[in-house]
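Encoded as structure tokens, the structure appears first; notes follow it.
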Amino acid sequence: MKLQQIKYIFEVARNQLNVSATAESLFTSQPGISKQVRLLEDELGVEIFVRSGKHLTNITPAGREILPVAEHILKQVRKIQDIAASHVNHKEGRLNLSTTHTFSRYFLPEVVESYRKKYSKVAMHIFQSSGQRTNSDLDEGKLDFALVHESESGFVDKIHLPCFYWKRCIVVPGNHPLAKKENINFDILAQFPLLTHTSSGGDRNPILQRFKENGFSPEIVFSATDCEVIKSYVRMGLGVGVIANMAYEEHLDSDLVRIPIDHLIEPSLVNVVFDRNLYFREYIFAFIEALAPQLSKDLILQAQQTKSSNKIAKLVDKESIPVL
């Protein structure tokens, strides 16, 4: 049994039994993959995949037991490689994380700038994905960790540690009726068309949900994940923009008036999410602590050893979580 064969069966399953797509992703040939899969099956004495002619059509009962073990083996191989690399140079490597456009645009630059002064040889790669795709990338080791909204589902088998809260505000042109209005409430805000910042959109829009909970149905005329787009349409007079508070930049947005709405919509929690078996290189610990000082190396290691998600949540003092 060869490690390459284990990787091939895992990748074939991950690519929905498409051997051609697997070969392309692994930069090898389709016949080569098919041959190695067959050799492994012959050695084991069982078939891992069901075939119809030359095509794979399903996973056998034996295959459904073998594939999770194959995935575990590949994770352990990556862990061995990371351990070895950390002993060669703990300040050099690759850091992969997933986050939203808003956080990568407004929150991370200052963190990255400070971090790079100490870890200049760490190649950073920031991806924008969500849900099942992010979860799969964490499983496969393509991501070291992700910044995920607390309300986002699909990460039940991962460790969640509270990173920060982020607040929302509304922005309007200087001549807008709300620009000099005091004590804004849902009743007043619902009288104007809204442009909302959201990572979900549609019926899952958290802004819309909060209005409905308070008995109002506002007119949401525009929704986008990019706060700069929202601000552009606010300047056009399309409506009142609801954006992340961190997205208002005084030196660039002085033509807009920012109005806090903390009393209407509570801050949203963002978690650092990672695989329980992730081997943390020293520079990964350092970056997470730069993101959230309350998440120290010792706390992260303790979380990895804690089985209960409720107990993990209690490791962090809520008062220590930053609010942005």
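In the structure tokens, chains take the letters A, B, ... in the order shown, each chain's residues start at 1, and ligands count up from 1 in the order shown.
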Inset, instruction - Mind checking which residues fall within 10 Å of A:His101, counting only C-alpha atoms, ignoring those fewer than 3 positions away in the same chain, and posting them as a PyMOL selection string? - result: chain A and resi 98+104-107+126-129+199+225-227
Inset, instruction - Name all residues at most 6 Å from stretch 229-245 of chain A (count only C-alpha atoms; drop same-chain ones fewer than 6 positions away) and give them as a PyMOL selection string. - result: chain A and resi 167-172+193-197
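Considering only C-alpha atoms, the residue among A:Glu249, A:Lys297, A:Ile288, A:Ile321 positioned nearest to A:Pro267 is A:Ile321.
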Inset, instruction - Please give the complete set of residues from stretch 214-276 of chain A that DSSP, run on the backbone, assigns to strand (DSSP E or B), formatted as a count of residues only. - result: 22
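With atom CA of A:Asn183 on one side and atom CA of A:Met246 on the other, the separation reads 21.7 Å.
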Inset, instruction - Would you kindly return, as an MDAnalysis selection string, each protein, DNA or RNA residue with an atom no farther than 10 Å from any atom of A:Phe280, considering only C-alpha atoms and excluding same-chain residues fewer than 5 positions away? - result: chainID A and resid 79 82:83 86 144 285:286 297 300:301
Those residues with N, CA and C atoms, as a PDB file, in the first residue's frame please?
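Now in part37.pdb:
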```
ATOM      1  N   LYS A  79       0.413  16.768   9.109  1.00  0.00           N
ATOM      2  CA  LYS A  79       0.861  17.163  10.438  1.00  0.00           C
ATOM      3  C   LYS A  79       2.350  16.864  10.608  1.00  0.00           C
ATOM      4  N   ASP A  82       4.279  19.457   8.776  1.00  0.00           N
ATOM      5  CA  ASP A  82       4.275  20.739   9.485  1.00  0.00           C
ATOM      6  C   ASP A  82       5.226  20.716  10.687  1.00  0.00           C
ATOM      7  N   ILE A  83       5.243  19.574  11.400  1.00  0.00           N
ATOM      8  CA  ILE A  83       6.146  19.452  12.546  1.00  0.00           C
ATOM      9  C   ILE A  83       7.597  19.578  12.083  1.00  0.00           C
ATOM     10  N   SER A  86       8.432  23.125  11.088  1.00  0.00           N
ATOM     11  CA  SER A  86       8.539  24.050  12.219  1.00  0.00           C
ATOM     12  C   SER A  86       9.899  23.950  12.892  1.00  0.00           C
ATOM     13  N   ASP A 144      -5.759  26.997   7.121  1.00  0.00           N
ATOM     14  CA  ASP A 144      -5.337  26.805   8.505  1.00  0.00           C
ATOM     15  C   ASP A 144      -6.481  27.158   9.450  1.00  0.00           C
ATOM     16  N   PHE A 285       0.034  30.654  15.511  1.00  0.00           N
ATOM     17  CA  PHE A 285      -0.312  31.146  16.856  1.00  0.00           C
ATOM     18  C   PHE A 285      -0.177  32.664  16.909  1.00  0.00           C
ATOM     19  N   ALA A 286       0.935  33.166  16.386  1.00  0.00           N
ATOM     20  CA  ALA A 286       1.229  34.599  16.460  1.00  0.00           C
ATOM     21  C   ALA A 286       0.203  35.421  15.696  1.00  0.00           C
ATOM     22  N   LYS A 297      -1.578  31.320  22.771  1.00  0.00           N
ATOM     23  CA  LYS A 297      -1.130  29.975  22.390  1.00  0.00           C
ATOM     24  C   LYS A 297      -1.622  28.937  23.390  1.00  0.00           C
ATOM     25  N   ILE A 300      -5.373  28.229  22.981  1.00  0.00           N
ATOM     26  CA  ILE A 300      -5.670  27.445  21.776  1.00  0.00           C
ATOM     27  C   ILE A 300      -5.341  25.979  22.002  1.00  0.00           C
ATOM     28  N   LEU A 301      -4.180  25.699  22.598  1.00  0.00           N
ATOM     29  CA  LEU A 301      -3.789  24.316  22.881  1.00  0.00           C
ATOM     30  C   LEU A 301      -4.759  23.668  23.861  1.00  0.00           C
TER      31      LEU A 301
END
```
Legend entry - Nearest to A:Thr198 by atom-to-atom distance, counting only C-alpha atoms, from A:Arg258, A:His149, A:Lys91, A:Lys318: A:His149
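One distance worth recording is that between atom CA of A:Val37 and atom CA of A:Gln76, which is 20.9 Å.
Ranking A:Glu266, A:Glu152, A:Asp298, A:Asp137 by their shortest atom-to-atom distance to A:Arg14, with only C-alpha atoms included, puts A:Asp137 first.
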Inset, instruction - Select, from A:Pro218, A:Pro206, A:Gly174, A:Pro162, the residue with the minimum atom-to-atom distance to A:Gln191, counting only C-alpha atoms. - result: A:Pro218
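Among the candidates A:Ser136, A:Arg64, A:Tyr8, A:Gln81, the residue lying nearest to A:Ala21 is A:Tyr8 (atoms considered: only C-alpha atoms).
Take the candidates A:Ala62, A:Ala13, A:Ile259, A:Met124 and check each one against A:Glu182 using only C-alpha atoms; the shortest distance goes to A:Ile259.
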Inset, instruction - Would you kindly return, as an MDAnalysis selection string, each protein, DNA or RNA residue with an atom no farther than 12 Å from any atom of A:Leu44, considering only C-alpha atoms and excluding same-chain residues fewer than 2 positions away? - result: chainID A and resid 1:2 5:6 37:42 46:48 62:63 66
Would you output that residue set with C-alpha atoms, as an mmCIF file, in the first residue's frame?
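Writing the result to part05.cif gives the following:
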```cif
data_model
loop_
_atom_site.group_PDB
_atom_site.id
_atom_site.type_symbol
_atom_site.label_atom_id
_atom_site.label_comp_id
_atom_site.auth_asym_id
_atom_site.auth_seq_id
_atom_site.Cartn_x
_atom_site.Cartn_y
_atom_site.Cartn_z
ATOM 1 C CA MET A 1 0.000 0.000 0.000
ATOM 2 C CA LYS A 2 1.398 3.367 -1.062
ATOM 3 C CA GLN A 5 -2.739 5.378 -3.642
ATOM 4 C CA ILE A 6 -4.428 6.581 -0.465
ATOM 5 C CA VAL A 37 -6.717 2.613 -7.543
ATOM 6 C CA ARG A 38 -7.041 -0.847 -9.083
ATOM 7 C CA LEU A 39 -3.701 -1.964 -7.616
ATOM 8 C CA LEU A 40 -4.805 -0.845 -4.159
ATOM 9 C CA GLU A 41 -8.145 -2.648 -4.481
ATOM 10 C CA ASP A 42 -6.361 -5.823 -5.632
ATOM 11 C CA VAL A 46 -12.116 -5.427 -1.910
ATOM 12 C CA GLU A 47 -13.425 -2.825 -4.317
ATOM 13 C CA ILE A 48 -13.580 0.748 -3.066
ATOM 14 C CA ALA A 62 -16.117 -1.236 2.145
ATOM 15 C CA GLY A 63 -15.092 2.030 0.498
ATOM 16 C CA ILE A 66 -11.959 2.949 4.123
#
```
Inset, instruction - Per DSSP on the backbone, filter stretch 43-257 of chain A down to the residues in helix (DSSP H, G or I) and report them as a PyMOL selection string. - result: chain A and resi 43-44+61-88+101-116+131-139+177-180+186-189+202-204+206-213+227-235+245-247
Inset, instruction - Tell me which protein, DNA and RNA residues are within 9 Å of A:Glu140, counting only C-alpha atoms, leaving out same-chain ones fewer than 4 positions away, and put them as a ChimeraX atom specification. - result: /A:71,74-75,135-136
